[in-house]
Each structure stands twice: as C-alpha cells, then as structure tokens.
Amino acid sequence: MSLMPPVTLKEDDNKSQGVERSSECLMTSQETAKEETPMDNLLLASQTILESAQKQGRSKCPRCHSSRMFYCYTCYVPVETVPTRDIPVVKLPLKIDIIKHPNETDGKSTAVHAKLLAPEDVMIYTYPCIPDYEEMRHEIALIFPGPNSILVNDIPLSLQSKCEKNVSSDKDGDSAMAPALKSARLESGEDGSVSEQQVHSGSKNTPLKKIIFIDSTWNQTNKIVTDERLQGLLQIELKSRKTCFWRHQKGKPDTYLSTIEAIYYFLVDYHKEFLKEKYKGQYDNLLFFFSFMYKLIRNARGSAGKE
Ligand SMILES: [Zn+2]
C-alpha cells in the first residue's frame, strides 16, 4: 500500500523536484541573469507584434481609450498596436475562475494575461462579487495550500471520495483527507469494479470542471479564502517552483508564484499527471505576455549592470 498522509507525499515530491528546481530562474546577480530559465524554452507564437508595439510605446485601449502598454488591464483587451488576431488563443482543459482582491493593483496583476490568452475559458471576478458555487461544488477545486490541500496527482482519489461522502471532521487531529482517501480506495465504484490502478490513473471523463485561483497579495488572500462560499471545496497545492516574476513580493519566498505562472504550472501538471498525456507545450502561450515582459526586464537589468 502506498497510502500515506498527503503531507508526506508533498515532502517526498518536493525532494524529487530538486534537480528541476535548481535549473529554474534566478535573477539575483548579473551572472545568473544569463542562465537559462523556464521562460527561455517555451513553445510560443511569434512575439514580433509585441516587439513592434514596445518600440512604439504606449497605445490606446480601443474600449476605454486609456493609454496602455500591450493590453488594457481594466477592459481585458489588447491595445490598438496589438491586433487581437496576432495574439495566440489557448484552449484549456477546464474552466478557470480568478478571484481578484479589490485592492490588488490591476496594472501589476498577471491575471489579465489568462483572460487575454484564453478568453473562452477564463473569468475574472472582483471580490466580494463571486459566483455561487454551491450547486457545483463537487466539480470545482481551489488552488490554495492548506492543511487539507492535495497535489495534482491525488486529484482522482480525492474527487472520488468527495463524491461518495462528505469529508467528516476528524477527531484525531490528523488530516481529514487521509481516512477519506482510504475509504475511496476500499469501496468499489458504481459497477463494483474500481481497482487501485483505475483510481490512480487519470480519467478524461473527469468530474472536475473548474479551478479557482485567487489573485491577491499574500496578506489579502486570507479574507477571500475564509469566505464561506469557498468552504468545503477540494483544495489543491502546487508543486514548489521558483517565480520569474519581476514584481515578486518583497520578503516573500521566491516560490510564491504570480497568478499566470500558477495557472500555467497547474495546467502542465494536470495535463501530465491527471490527463496522463504527453506535454507538448499546449499551454505555453499562456506565458506569451509574461515571458516577453520577463525577457525585456532581464535584458534591461543585464545591460544596466554592464555600465
Ligand atoms: Zn480599457
């Protein structure tokens, strides 16, 4: 039996990520700025349009006429110098809701990247105006680390146990998820034939329809996460990865990802570990704007360092 408390699984998983993590981005010195980062090996649409828009400087938002660079962060549309037809469209395997804290500065948030690049699948809400998830709570998961959060590869088991029974509050002080997972494994499915293998392998008929991300600074997040409308949802924690975000919050660990990085890494893991399909860069274009801006800033910092 490989059943272990989720916490142990996470620790083991983090350790196995050591090699991968060591090659990830660092921008702390001039030398490391030249290192390859995850932003260098993406399968992206041509960014020529962004290069020319950048040379032209700020442009107008076609809707509100504000002066913006690349896109309008209040209207979620590209500016006049960046025609929509030149922006890639990414199709996602599930819907994404982003809940934005009202105090989060729009211009600094990367949540809008997701809406621009996957307009059909992404919705942005400003807290406290969020949808009522009550009716579909078994089809939704919230990306947020917590005592009961699980990793992407544990989604099938957790969903099954959530469908079969509500996770009862536990009296032993251990994670409430562990006994629920155990019962999911021991109980048989509708046709009485669910094996351990089937429970573990990803299913394309996943009941998981929507993932919720919270877009706010770490300190503001608590108010949203404790909202009663978000209680009882399956909670997913991402594998540890270092951020490439140039506005990375001071004093926070570099594993605190920007919203678009979190969405991207979740989808890559979901594709590989839940859908069990080979990842061929299907969601890389979600980083179309992010990688371009990242490289601009890295190059600017690099040349500033030479002088
Ligand atoms: Zn606008």
# chains A, B, ... in the order shown; residues from 1 in each chain; ligands from 1
$ residues_near_ligand --ligand "ligand 1" --cutoff "12 Å" --atoms "only C-alpha atoms and all ligand atoms" --output "PDB file with C-alpha atoms, in the first residue's frame"
ATOM      1  CA  SER A  59      -1.040  52.924 -27.158  1.00  0.00           C
ATOM      2  CA  LYS A  60      -4.768  53.405 -26.669  1.00  0.00           C
ATOM      3  CA  CYS A  61      -7.238  50.900 -25.312  1.00  0.00           C
ATOM      4  CA  PRO A  62      -9.925  50.524 -28.007  1.00  0.00           C
ATOM      5  CA  ARG A  63     -12.631  50.498 -25.324  1.00  0.00           C
ATOM      6  CA  CYS A  64     -11.787  52.996 -22.591  1.00  0.00           C
ATOM      7  CA  HIS A  65      -9.133  54.933 -24.573  1.00  0.00           C
ATOM      8  CA  SER A  66      -6.681  54.843 -21.683  1.00  0.00           C
ATOM      9  CA  SER A  67      -3.002  54.846 -22.543  1.00  0.00           C
ATOM     10  CA  ARG A  68      -1.581  51.373 -22.013  1.00  0.00           C
ATOM     11  CA  MET A  69       1.318  49.102 -22.951  1.00  0.00           C
ATOM     12  CA  PHE A  70       0.344  45.875 -24.837  1.00  0.00           C
ATOM     13  CA  TYR A  71      -3.106  45.483 -23.244  1.00  0.00           C
ATOM     14  CA  CYS A  72      -5.681  47.229 -21.095  1.00  0.00           C
ATOM     15  CA  TYR A  73      -5.786  45.720 -17.653  1.00  0.00           C
ATOM     16  CA  THR A  74      -9.218  47.126 -16.890  1.00  0.00           C
ATOM     17  CA  CYS A  75     -11.002  46.138 -20.125  1.00  0.00           C
ATOM     18  CA  TYR A  76      -9.055  42.886 -20.734  1.00  0.00           C
ATOM     19  CA  VAL A  77      -8.363  43.735 -24.377  1.00  0.00           C
ATOM     20  CA  PRO A  78      -5.113  44.367 -26.265  1.00  0.00           C
ATOM     21  CA  VAL A  79      -4.276  47.957 -27.235  1.00  0.00           C
ATOM     22  CA  GLU A  80      -4.587  49.302 -30.786  1.00  0.00           C
ATOM     23  CA  ASP A 106      -4.811  45.955 -11.742  1.00  0.00           C
ATOM     24  CA  GLY A 107      -1.736  47.052 -13.640  1.00  0.00           C
ATOM     25  CA  VAL A 112      -5.418  39.534 -17.090  1.00  0.00           C
TER      26      VAL A 112
END
$ residues_around --residues "Asp254 in chain A" --least-positions-apart "6" --cutoff "9 Å" --atoms "only C-alpha atoms" --output "ChimeraX atom specification"
/A:241-245,248
$ closest_residue --among "A:Met136, A:Ile143, A:Leu151, A:Leu230" --to "Thr259 in chain A" --atoms "only C-alpha atoms"
A:Ile143
$ residues_around --residues "Ile297 in chain A" --least-positions-apart "6" --cutoff "12 Å" --atoms "only C-alpha atoms" --output "ChimeraX atom specification"
/A:27,33,244-247,290-291,303-304
$ closest_residue --among "A:Arg137, A:Arg298, A:Lys278, A:Lys108" --to "Lys209 in chain A" --atoms "only C-alpha atoms"
A:Arg137
$ residues_around --residues "Phe213 in chain A" --least-positions-apart "3" --cutoff "7 Å" --atoms "only C-alpha atoms" --output "list in words"
Asp97, Ile98, Ile99, Leu142 and Ile143 of chain A
$ write_last_selection --atoms "N, CA and C atoms" --output "short mmCIF file (atom, residue, chain, number, x, y, z; two decimals), in the first residue's frame"
data_model
loop_
_atom_site.label_atom_id
_atom_site.label_comp_id
_atom_site.auth_asym_id
_atom_site.auth_seq_id
_atom_site.Cartn_x
_atom_site.Cartn_y
_atom_site.Cartn_z
N ASP A 97 -11.73 30.25 -12.96
CA ASP A 97 -12.23 31.48 -12.36
C ASP A 97 -11.09 32.10 -11.56
N ILE A 98 -10.88 33.38 -11.75
CA ILE A 98 -9.87 34.08 -10.96
C ILE A 98 -10.61 35.06 -10.06
N ILE A 99 -10.38 34.96 -8.78
CA ILE A 99 -10.99 35.89 -7.84
C ILE A 99 -9.94 36.89 -7.41
N LEU A 142 -10.11 24.55 -5.58
CA LEU A 142 -9.49 25.84 -5.29
C LEU A 142 -7.98 25.61 -5.19
N ILE A 143 -7.22 26.45 -5.89
CA ILE A 143 -5.77 26.33 -5.78
C ILE A 143 -5.32 27.17 -4.59
#
$ closest_residue --among "A:Ala262, A:Pro145, A:Phe292, A:Pro119" --to "Asn222 in chain A" --atoms "only C-alpha atoms"
A:Pro145
$ closest_residue --among "A:Gly281, A:Pro253, A:Pro207, A:Pro131" --to "Arg229 in chain A" --atoms "only C-alpha atoms"
A:Pro131
